[in-house]
Amino acid sequence: MYKERRSKLAETLPTNSIALLFSDVAPYKIGDEKYDFSVDRNFYYFTGLENENMMLAIVKTELGIDEYLFIERYDEELAKWIGGRILPEDAAKISSIYNIYWKDEDMETLGSVISRNFMAFKTIPVYADFTKQEASQFDRASHRFCKQLKNAYPQIQLREISTKTNALRLIKDQDELKKLNTAIQITKDAIEHMMSHSHENIAEYELEAYFDFVLKSNNCHHSFPSIIAGGKNATILHYQENNHKVKDRSLVLCDLGAAYQYINADISRTFPVNGKFTKRQRQIYDIVLRANKMIINIIKPGLTLRDLNNELIKFYHQELSTIGLLKHGKTVQDYYWHGVSHMLGLETHDVTLPNYKIQPGNVFTVEPGLYLEEEGIGIRIEDNVLVTEDGCINLSKDIIKEIDDIEAFMAKARN
């Protein structure tokens, strides 16, 4: 599978060029303590390896394609403290890459490759991932290594690879879909476990603990820090304190997900902490639920995520006008200010391309919400969908979201 993915990437490279991908390293937190390591998702996608300080080089010449993997040396002393690093034979078994070298030899080895294959060329295209969320973000391994490489070989032209890797990652294969279905099922079980223990005046962090228990029991990680927001806290889009008591007759908005083998579920559900919706909560919830279903029903190849969001705003304008919320200069944006969808996969907000039109094989979220701060009501209902040839499949359809189903489930749990 990983070899096939690399072959598809190599097809997009021009002849006589090099592609470099890095697993990166965990930064230090304080003293000799590091943050938890999280492998670069592009590197993992093309190798299946999740270890620190590795590099993949794909070299495409007129003679064919060569692959080189650079890994850290095995350290017997270090193994006594934190466990052994991966051995070359194990890395080869996982990745199907058999030209394996030590990471401390990367510059020397790649230099030899350049000397053998590229010295006759005036320019040498080298592709790597240089993307940053912010300009102030620390340089990644790709920045650091490629600066050294270009300093040694000035004829190198550094080029961004993310357009090529993103195009491949946008279409999910069967392995990814299988893992996503597992992640969604674990998320479903965890949400139900949390809801079944809900009661008035429970703390948000207690509800979070019930969710976490199921993930830990399945050897699963979080897709992102869980949002467990009661009452007015649910009107804060990325609320993460999770440290307040949830008063009786309040709603709980939970936005969370399990990550199974790096594939992320991202689900939002909203439920009454005491198991029973008030009349007003039912009214607003019903609008969000119908919006969720409407968007799912209109999804088809050729649309953009912006198209879907525009349709949602039109729907909200009519519905909120009907119940009198768009008076005195109020607009839809006063109650809804985020997008209805984002791509989903190896990252919770997964990669995409500018003005991308959805295709079969895409996976993304559908997450309409309404936030009435003055009334202490925040509602979001989020599903994960797979685009097909003529529509989509709701992969999370089995996670309860109908009002009557939620109330019946929580009543049964209480009894």
# chains A, B, ... in the order shown; residues from 1 in each chain; ligands from 1
$ select_by_dssp --residues "range 60-264 of chain A" --states "strand (DSSP E)" --output "NGL selection string"
:A and (60-61 or 64-71 or 100-102 or 124-128 or 156-160 or 221-222 or 227-230 or 251-256 or 258-260 or 263-264)
$ select_by_dssp --residues "range 199-273 of chain A" --states "alpha helix (DSSP H)" --output "list in words"
Glu204, Tyr205, Glu206, Leu207, Glu208, Ala209, Tyr210, Phe211, Asp212, Phe213, Val214, Leu215, Lys216 and Ser217 of chain A
$ closest_residue --among "A:Ile400, A:Ile171, A:Ile94, A:Cys146" --to "Phe271 in chain A" --atoms "only C-alpha atoms"
A:Ile400
$ residues_around --residues "range 105-115 of chain A" --least-positions-apart "5" --cutoff "9 Å" --atoms "only C-alpha atoms" --output "list of chain:residue names"
A:Met55, A:Ala57, A:Val59, A:Tyr68, A:Phe70, A:Ala120, A:Ile124, A:Phe145, A:Gln148, A:Leu149, A:Ala152, A:Tyr153
$ closest_residue --among "A:Asn53, A:Asn219, A:Thr365, A:Thr388" --to "Ile86 in chain A" --atoms "only C-alpha atoms"
A:Asn53
$ residues_around --residues "range 3-13 of chain A" --least-positions-apart "5" --cutoff "7 Å" --atoms "only C-alpha atoms" --output "list in words"
Phe46, Ser96, Lys164 and Thr165 of chain A
$ closest_residue --among "A:Ser136, A:Ser95, A:Ser17, A:Asn42" --to "Leu158 in chain A" --atoms "only C-alpha atoms"
A:Ser17
$ atom_distance --atom1 "CA of Leu256 in chain A" --atom2 "CA of Phe211 in chain A"
9.1 Å
$ residues_around --residues "Asp173 in chain A" --least-positions-apart "4" --cutoff "12 Å" --atoms "only C-alpha atoms" --output "VMD selection string"
chain A and resid 1 to 2 4 to 5 45 168 to 169 177 to 180 263 345 360 to 363 386
$ write_last_selection --atoms "N, CA, C and O atoms" --output "mmCIF file, in the first residue's frame"
data_model
loop_
_atom_site.group_PDB
_atom_site.id
_atom_site.type_symbol
_atom_site.label_atom_id
_atom_site.label_comp_id
_atom_site.auth_asym_id
_atom_site.auth_seq_id
_atom_site.Cartn_x
_atom_site.Cartn_y
_atom_site.Cartn_z
ATOM 1 N N MET A 1 0.826 -1.204 0.000
ATOM 2 C CA MET A 1 0.000 0.000 0.000
ATOM 3 C C MET A 1 0.864 1.259 0.000
ATOM 4 O O MET A 1 0.632 2.192 -0.775
ATOM 5 N N TYR A 2 1.867 1.302 0.881
ATOM 6 C CA TYR A 2 2.725 2.487 0.953
ATOM 7 C C TYR A 2 3.569 2.625 -0.319
ATOM 8 O O TYR A 2 3.794 3.738 -0.794
ATOM 9 N N GLU A 4 2.636 1.685 -3.279
ATOM 10 C CA GLU A 4 1.728 2.178 -4.312
ATOM 11 C C GLU A 4 1.512 3.690 -4.178
ATOM 12 O O GLU A 4 1.475 4.417 -5.176
ATOM 13 N N ARG A 5 1.389 4.166 -2.936
ATOM 14 C CA ARG A 5 1.227 5.603 -2.726
ATOM 15 C C ARG A 5 2.458 6.362 -3.203
ATOM 16 O O ARG A 5 2.344 7.430 -3.820
ATOM 17 N N TYR A 45 1.994 8.819 5.648
ATOM 18 C CA TYR A 45 1.131 8.392 4.544
ATOM 19 C C TYR A 45 1.905 7.608 3.502
ATOM 20 O O TYR A 45 1.390 6.650 2.925
ATOM 21 N N LEU A 168 -3.235 13.640 -3.573
ATOM 22 C CA LEU A 168 -3.324 12.202 -3.321
ATOM 23 C C LEU A 168 -4.086 11.919 -2.029
ATOM 24 O O LEU A 168 -4.942 11.030 -1.983
ATOM 25 N N ARG A 169 -3.792 12.673 -0.986
ATOM 26 C CA ARG A 169 -4.426 12.424 0.315
ATOM 27 C C ARG A 169 -5.915 12.762 0.324
ATOM 28 O O ARG A 169 -6.664 12.244 1.165
ATOM 29 N N LEU A 177 -10.473 4.267 4.885
ATOM 30 C CA LEU A 177 -11.903 4.201 5.207
ATOM 31 C C LEU A 177 -12.182 3.161 6.275
ATOM 32 O O LEU A 177 -13.029 3.369 7.154
ATOM 33 N N LYS A 178 -11.476 2.047 6.226
ATOM 34 C CA LYS A 178 -11.645 1.018 7.255
ATOM 35 C C LYS A 178 -11.249 1.563 8.622
ATOM 36 O O LYS A 178 -11.954 1.361 9.624
ATOM 37 N N LYS A 179 -10.130 2.263 8.682
ATOM 38 C CA LYS A 179 -9.677 2.846 9.948
ATOM 39 C C LYS A 179 -10.633 3.934 10.425
ATOM 40 O O LYS A 179 -10.899 4.056 11.626
ATOM 41 N N LEU A 180 -11.150 4.731 9.489
ATOM 42 C CA LEU A 180 -12.087 5.789 9.870
ATOM 43 C C LEU A 180 -13.361 5.195 10.443
ATOM 44 O O LEU A 180 -13.896 5.697 11.441
ATOM 45 N N ILE A 263 -5.976 7.965 11.852
ATOM 46 C CA ILE A 263 -7.142 8.422 11.100
ATOM 47 C C ILE A 263 -8.171 8.951 12.088
ATOM 48 O O ILE A 263 -8.552 8.258 13.039
ATOM 49 N N GLY A 345 -9.249 13.326 7.781
ATOM 50 C CA GLY A 345 -8.403 12.182 7.452
ATOM 51 C C GLY A 345 -7.269 12.019 8.437
ATOM 52 O O GLY A 345 -7.503 11.883 9.636
ATOM 53 N N PRO A 360 -15.583 11.935 -5.722
ATOM 54 C CA PRO A 360 -15.784 10.661 -5.037
ATOM 55 C C PRO A 360 -14.497 10.242 -4.325
ATOM 56 O O PRO A 360 -13.401 10.340 -4.876
ATOM 57 N N GLY A 361 -14.642 9.809 -3.094
ATOM 58 C CA GLY A 361 -13.489 9.422 -2.297
ATOM 59 C C GLY A 361 -13.084 10.462 -1.280
ATOM 60 O O GLY A 361 -12.293 10.179 -0.370
ATOM 61 N N ASN A 362 -13.614 11.686 -1.399
ATOM 62 C CA ASN A 362 -13.359 12.698 -0.371
ATOM 63 C C ASN A 362 -14.125 12.365 0.903
ATOM 64 O O ASN A 362 -15.243 11.837 0.845
ATOM 65 N N VAL A 363 -13.540 12.704 2.034
ATOM 66 C CA VAL A 363 -14.218 12.582 3.323
ATOM 67 C C VAL A 363 -14.164 13.938 4.006
ATOM 68 O O VAL A 363 -13.091 14.551 4.089
ATOM 69 N N LEU A 386 -18.673 10.445 3.320
ATOM 70 C CA LEU A 386 -17.835 9.997 2.214
ATOM 71 C C LEU A 386 -18.545 10.315 0.909
ATOM 72 O O LEU A 386 -19.685 9.886 0.696
#
$ residues_around --residues "Asp390 in chain A" --least-positions-apart "4" --cutoff "9 Å" --atoms "only C-alpha atoms" --output "list in words"
Ile299, Lys300, Pro301 and Pro360 of chain A
$ write_last_selection --atoms "N, CA, C and O atoms" --output "compact mmCIF listing (two decimals), in the first residue's frame"
# COMPACT_ATOMS: atom_id res chain seq x y z
N ILE A 299 -25.13 17.02 -1.11
CA ILE A 299 -23.72 16.79 -1.44
C ILE A 299 -23.62 15.96 -2.72
O ILE A 299 -24.29 14.94 -2.88
N LYS A 300 -22.78 16.40 -3.63
CA LYS A 300 -22.50 15.64 -4.86
C LYS A 300 -21.18 16.15 -5.45
O LYS A 300 -20.75 17.29 -5.17
N PRO A 301 -20.51 15.34 -6.25
CA PRO A 301 -19.27 15.78 -6.87
C PRO A 301 -19.47 17.06 -7.69
O PRO A 301 -20.51 17.26 -8.30
N PRO A 360 -15.58 11.93 -5.72
CA PRO A 360 -15.78 10.66 -5.04
C PRO A 360 -14.50 10.24 -4.33
O PRO A 360 -13.40 10.34 -4.88
$ residues_around --residues "Tyr44 in chain A" --least-positions-apart "3" --cutoff "10 Å" --atoms "only C-alpha atoms" --output "list in words"
Tyr2, Leu21, Phe22, Ser23, Val39, Asp40, Arg41, Thr47, Gly48, Leu49, Glu50, Asn51, Ser95, Tyr262 and Leu346 of chain A
$ decode --residues "range 332-352 of chain A" --atoms "N, CA, C and O atoms" --output "tab-separated table (two decimals), in the first residue's frame"
chain	number	residue	atom	x	y	z
A	332	VAL	N	-27.78	36.19	10.04
A	332	VAL	CA	-27.41	34.80	10.31
A	332	VAL	C	-26.04	34.73	10.99
A	332	VAL	O	-25.80	33.93	11.90
A	333	GLN	N	-25.12	35.62	10.56
A	333	GLN	CA	-23.75	35.60	11.11
A	333	GLN	C	-23.70	35.91	12.59
A	333	GLN	O	-22.68	35.64	13.25
A	334	ASP	N	-24.77	36.45	13.16
A	334	ASP	CA	-24.81	36.68	14.60
A	334	ASP	C	-25.05	35.39	15.38
A	334	ASP	O	-24.80	35.34	16.60
A	335	TYR	N	-25.49	34.34	14.69
A	335	TYR	CA	-25.79	33.07	15.34
A	335	TYR	C	-24.97	31.90	14.78
A	335	TYR	O	-24.98	30.80	15.34
A	336	TYR	N	-24.28	32.15	13.69
A	336	TYR	CA	-23.49	31.10	13.03
A	336	TYR	C	-22.33	31.75	12.30
A	336	TYR	O	-22.55	32.56	11.41
A	337	TRP	N	-21.09	31.39	12.68
A	337	TRP	CA	-19.94	32.11	12.11
A	337	TRP	C	-18.77	31.20	11.72
A	337	TRP	O	-17.66	31.66	11.54
A	338	HIS	N	-19.02	29.92	11.58
A	338	HIS	CA	-17.97	29.03	11.11
A	338	HIS	C	-18.41	28.32	9.84
A	338	HIS	O	-19.57	28.43	9.43
A	339	GLY	N	-17.49	27.61	9.18
A	339	GLY	CA	-17.85	26.87	7.98
A	339	GLY	C	-18.58	25.59	8.33
A	339	GLY	O	-18.42	25.04	9.42
A	340	VAL	N	-19.37	25.09	7.39
A	340	VAL	CA	-20.15	23.89	7.65
A	340	VAL	C	-19.34	22.62	7.44
A	340	VAL	O	-19.74	21.54	7.90
A	341	SER	N	-18.18	22.73	6.78
A	341	SER	CA	-17.42	21.52	6.45
A	341	SER	C	-15.92	21.79	6.43
A	341	SER	O	-15.48	22.91	6.15
A	342	HIS	N	-15.16	20.76	6.74
A	342	HIS	CA	-13.72	20.74	6.49
A	342	HIS	C	-13.33	19.31	6.16
A	342	HIS	O	-13.99	18.35	6.56
A	343	MET	N	-12.25	19.15	5.42
A	343	MET	CA	-11.76	17.83	5.06
A	343	MET	C	-11.31	17.07	6.31
A	343	MET	O	-10.93	17.67	7.31
A	344	LEU	N	-11.31	15.75	6.21
A	344	LEU	CA	-11.04	14.91	7.37
A	344	LEU	C	-10.19	13.73	6.94
A	344	LEU	O	-10.37	13.19	5.84
A	345	GLY	N	-9.25	13.33	7.78
A	345	GLY	CA	-8.40	12.18	7.45
A	345	GLY	C	-7.27	12.02	8.44
A	345	GLY	O	-7.50	11.88	9.64
A	346	LEU	N	-6.03	12.07	7.95
A	346	LEU	CA	-4.87	11.96	8.82
A	346	LEU	C	-4.73	13.17	9.73
A	346	LEU	O	-4.04	13.11	10.74
A	347	GLU	N	-5.35	14.26	9.37
A	347	GLU	CA	-5.45	15.43	10.23
A	347	GLU	C	-6.93	15.74	10.40
A	347	GLU	O	-7.73	15.52	9.51
A	348	THR	N	-7.29	16.27	11.57
A	348	THR	CA	-8.70	16.59	11.81
A	348	THR	C	-9.18	17.64	10.82
A	348	THR	O	-10.23	17.49	10.21
A	349	HIS	N	-8.42	18.71	10.65
A	349	HIS	CA	-8.67	19.65	9.56
A	349	HIS	C	-7.70	19.25	8.46
A	349	HIS	O	-6.60	19.77	8.35
A	350	ASP	N	-8.13	18.29	7.65
A	350	ASP	CA	-7.21	17.65	6.72
A	350	ASP	C	-6.89	18.56	5.54
A	350	ASP	O	-7.55	19.58	5.30
A	351	VAL	N	-5.91	18.12	4.78
A	351	VAL	CA	-5.41	18.92	3.66
A	351	VAL	C	-6.46	19.09	2.57
A	351	VAL	O	-7.36	18.27	2.40
A	352	THR	N	-6.31	20.19	1.82
A	352	THR	CA	-7.17	20.43	0.67
A	352	THR	C	-6.39	21.27	-0.34
A	352	THR	O	-5.19	21.50	-0.18
